[in-house]
Amino acid sequence: MFPFDPSRQSRRRVSRSLTRATRQMTGQLTRSLESAAKSVTKAVTRSTEQAIRETRKATVRSVKRTVRDTEKAVAAAFSAQETEVVRKPPGQFVTVDGLPVHVIVRGRGRPVVLVHGNGTMAEDFAICGLIDRLAARYRVIAIDRPGFGYTGRPRHRIWTAQAQAVLLHRVLEQLGVERPLIVGHSWGTIVALALAADGRRPLRGLVLLSGSYFPGHRTDAALIAPLAVPGLGDAMRAMVPAKVSASLTGQSFRQVFWPQPVPARFTARFPIEIAAAATQLRAVSEDAASMNAAVTGLQRRYAGLTLLVSILAGDADAIVKASEHSVRLHTTIPGSTLRLLPGLGHMIHYGARLKVERAIDDLMKLR
């Protein structure tokens, strides 16, 4: 037999048939792949759209929660502000250069001016009973220093001890006070000494309680000093919740009263919400940061003071060491008197109010 040898025509027919079959198979495969791709794309699209919808819902829920929390925080803030506004100031206001200064004025007779320390306010002297006791025989004026109590602390001024002494002088001038006896407690003693050293007005004398009179290291001042830095201090204070601030303020009072307990009348009556407010905390930090500079400038003038000066301090004071300040001041100011009160801490106008009154009466009798 001879081998099969298809003709050229037959080979062409076979080639065309194979080509058509290949095209048909390729078309079917392409259509199948396109259909599968469309199905996958639709599935992916549906899944993506579902994920987007879920994300939107979650975002909306998160935003709503944030809005509600913010509204609650704002409402609480306004409520706290309203509480401060509703509390009626116990005294009156004397305006000096546009600044309303809060003062408590009681009684009649020769004037006694009370200047509070750092972190408190004029009401402190009312709570301890000193204002009422002294008002029975003197005209008593207790002042809220700038930034404390109900007195503002404008930022356009640097409230040094000298600046606060000038403000005190202007307030007493408007009240018609002549030859007052100045009683200063803690940081208030620096203002009292600045007023005496300035010589703007005649003074009957000074009664200085638990004062810090010379530069030195104070742990409490060092810790609070960063809060006095403009901008940074504001940011740091804003980060502290109001309740936490009030709690920390309360703890600081336990330290200043130690070794005596915080009196029940102080806990019940002292306006902690004002003491823990941003304005007063700024004043506390600024005064603490500037204390060393204030006494550094004043100490050169102590020996030249010629008025009557009575110095009182507790020998158990945990804030200011009496041996380093009160005793040293007594040896520096000619003719001054010193009374160290055994076992008492920083707040001697509570623990030894009668002795403070006696020191005031003794100076009042002399001139």
# chains A, B, ... in the order shown; residues from 1 in each chain; ligands from 1
call {"tool": "residues_around", "arguments": {"residues": "Pro111 of chain A", "least_positions_apart": "3", "cutoff": "6 Å", "atoms": "only C-alpha atoms", "output": "MDAnalysis selection string"}}
result
chainID A and resid 138:140 180
call {"tool": "select_by_dssp", "arguments": {"residues": "segment 117-203 of chain A", "states": "strand (DSSP E)", "output": "PDB file with all heavy atoms, in the first residue's frame"}}
result
ATOM      1  N   ARG A 139     -10.955  99.196 112.701  1.00  0.00           N
ATOM      2  CA  ARG A 139     -11.488  99.124 111.335  1.00  0.00           C
ATOM      3  C   ARG A 139     -10.602  98.125 110.577  1.00  0.00           C
ATOM      4  O   ARG A 139      -9.408  98.361 110.394  1.00  0.00           O
ATOM      5  CB  ARG A 139     -11.441 100.489 110.651  1.00  0.00           C
ATOM      6  CG  ARG A 139     -12.079 100.482 109.255  1.00  0.00           C
ATOM      7  CD  ARG A 139     -11.853 101.789 108.534  1.00  0.00           C
ATOM      8  NE  ARG A 139     -12.538 101.812 107.245  1.00  0.00           N
ATOM      9  CZ  ARG A 139     -12.283 102.676 106.280  1.00  0.00           C
ATOM     10  NH1 ARG A 139     -11.348 103.629 106.467  1.00  0.00           N
ATOM     11  NH2 ARG A 139     -12.936 102.624 105.146  1.00  0.00           N
ATOM     12  N   VAL A 140     -11.173  97.032 110.163  1.00  0.00           N
ATOM     13  CA  VAL A 140     -10.412  95.936 109.556  1.00  0.00           C
ATOM     14  C   VAL A 140     -10.642  95.921 108.052  1.00  0.00           C
ATOM     15  O   VAL A 140     -11.779  95.953 107.576  1.00  0.00           O
ATOM     16  CB  VAL A 140     -10.822  94.576 110.165  1.00  0.00           C
ATOM     17  CG1 VAL A 140      -9.967  93.456 109.585  1.00  0.00           C
ATOM     18  CG2 VAL A 140     -10.701  94.610 111.679  1.00  0.00           C
ATOM     19  N   ILE A 141      -9.543  95.870 107.287  1.00  0.00           N
ATOM     20  CA  ILE A 141      -9.613  95.786 105.817  1.00  0.00           C
ATOM     21  C   ILE A 141      -8.810  94.564 105.384  1.00  0.00           C
ATOM     22  O   ILE A 141      -7.595  94.490 105.623  1.00  0.00           O
ATOM     23  CB  ILE A 141      -9.034  97.049 105.136  1.00  0.00           C
ATOM     24  CG1 ILE A 141      -9.809  98.298 105.552  1.00  0.00           C
ATOM     25  CG2 ILE A 141      -9.055  96.899 103.614  1.00  0.00           C
ATOM     26  CD1 ILE A 141      -9.101  99.120 106.596  1.00  0.00           C
ATOM     27  N   ALA A 142      -9.472  93.574 104.796  1.00  0.00           N
ATOM     28  CA  ALA A 142      -8.797  92.385 104.260  1.00  0.00           C
ATOM     29  C   ALA A 142      -8.911  92.430 102.743  1.00  0.00           C
ATOM     30  O   ALA A 142     -10.009  92.590 102.194  1.00  0.00           O
ATOM     31  CB  ALA A 142      -9.430  91.109 104.809  1.00  0.00           C
ATOM     32  N   ILE A 143      -7.793  92.293 102.049  1.00  0.00           N
ATOM     33  CA  ILE A 143      -7.754  92.481 100.604  1.00  0.00           C
ATOM     34  C   ILE A 143      -7.469  91.160  99.889  1.00  0.00           C
ATOM     35  O   ILE A 143      -6.666  90.347 100.353  1.00  0.00           O
ATOM     36  CB  ILE A 143      -6.676  93.522 100.228  1.00  0.00           C
ATOM     37  CG1 ILE A 143      -6.631  93.732  98.706  1.00  0.00           C
ATOM     38  CG2 ILE A 143      -5.312  93.130 100.757  1.00  0.00           C
ATOM     39  CD1 ILE A 143      -5.707  94.854  98.269  1.00  0.00           C
ATOM     40  N   LEU A 181      -1.990  99.610 110.456  1.00  0.00           N
ATOM     41  CA  LEU A 181      -1.121  98.520 110.864  1.00  0.00           C
ATOM     42  C   LEU A 181      -1.308  97.410 109.830  1.00  0.00           C
ATOM     43  O   LEU A 181      -2.440  96.974 109.572  1.00  0.00           O
ATOM     44  CB  LEU A 181      -1.501  98.017 112.256  1.00  0.00           C
ATOM     45  CG  LEU A 181      -0.726  96.789 112.758  1.00  0.00           C
ATOM     46  CD1 LEU A 181       0.711  97.164 113.066  1.00  0.00           C
ATOM     47  CD2 LEU A 181      -1.390  96.185 113.990  1.00  0.00           C
ATOM     48  N   ILE A 182      -0.230  96.958 109.227  1.00  0.00           N
ATOM     49  CA  ILE A 182      -0.311  95.938 108.181  1.00  0.00           C
ATOM     50  C   ILE A 182       0.019  94.580 108.782  1.00  0.00           C
ATOM     51  O   ILE A 182       1.091  94.388 109.389  1.00  0.00           O
ATOM     52  CB  ILE A 182       0.656  96.233 107.017  1.00  0.00           C
ATOM     53  CG1 ILE A 182       0.478  97.672 106.526  1.00  0.00           C
ATOM     54  CG2 ILE A 182       0.444  95.239 105.886  1.00  0.00           C
ATOM     55  CD1 ILE A 182      -0.862  97.963 105.912  1.00  0.00           C
ATOM     56  N   VAL A 183      -0.898  93.630 108.629  1.00  0.00           N
ATOM     57  CA  VAL A 183      -0.697  92.252 109.087  1.00  0.00           C
ATOM     58  C   VAL A 183      -0.592  91.369 107.844  1.00  0.00           C
ATOM     59  O   VAL A 183      -1.555  91.231 107.086  1.00  0.00           O
ATOM     60  CB  VAL A 183      -1.854  91.782 109.984  1.00  0.00           C
ATOM     61  CG1 VAL A 183      -1.605  90.342 110.460  1.00  0.00           C
ATOM     62  CG2 VAL A 183      -2.044  92.723 111.164  1.00  0.00           C
ATOM     63  N   GLY A 184       0.573  90.764 107.638  1.00  0.00           N
ATOM     64  CA  GLY A 184       0.766  89.907 106.484  1.00  0.00           C
ATOM     65  C   GLY A 184       1.003  88.473 106.910  1.00  0.00           C
ATOM     66  O   GLY A 184       1.685  88.217 107.908  1.00  0.00           O
ATOM     67  N   HIS A 185       0.436  87.541 106.147  1.00  0.00           N
ATOM     68  CA  HIS A 185       0.670  86.121 106.407  1.00  0.00           C
ATOM     69  C   HIS A 185       1.370  85.498 105.209  1.00  0.00           C
ATOM     70  O   HIS A 185       0.967  85.700 104.065  1.00  0.00           O
ATOM     71  CB  HIS A 185      -0.645  85.378 106.669  1.00  0.00           C
ATOM     72  CG  HIS A 185      -0.460  83.885 106.769  1.00  0.00           C
ATOM     73  ND1 HIS A 185      -0.934  83.004 105.823  1.00  0.00           N
ATOM     74  CD2 HIS A 185       0.191  83.129 107.699  1.00  0.00           C
ATOM     75  CE1 HIS A 185      -0.608  81.773 106.160  1.00  0.00           C
ATOM     76  NE2 HIS A 185       0.068  81.819 107.302  1.00  0.00           N
TER      77      HIS A 185
END
call {"tool": "residues_around", "arguments": {"residues": "Leu203 of chain A", "least_positions_apart": "4", "cutoff": "10 Å", "atoms": "only C-alpha atoms", "output": "number ranges by chain"}}
result
A: 178-182, 195-196, 199, 307-308
call {"tool": "residues_around", "arguments": {"residues": "segment 327-340 of chain A", "least_positions_apart": "4", "cutoff": "7 Å", "atoms": "only C-alpha atoms", "output": "PyMOL selection string"}}
result
chain A and resi 213+302-303+305+308-315+322-323
call {"tool": "select_by_dssp", "arguments": {"residues": "segment 132-311 of chain A", "states": "alpha helix (DSSP H)", "output": "ChimeraX atom specification"}}
result
/A:132-135,161-174,187-198,219-224,232-238,242-257,264-269,272-275,278-298
call {"tool": "atom_distance", "arguments": {"atom1": "atom CA of Phe270 of chain A", "atom2": "atom CA of Ser186 of chain A"}}
result
17.7 Å
call {"tool": "residues_around", "arguments": {"residues": "Leu193 of chain A", "least_positions_apart": "6", "cutoff": "9 Å", "atoms": "only C-alpha atoms", "output": "PyMOL selection string"}}
result
chain A and resi 161+165+184+206+208+298+302
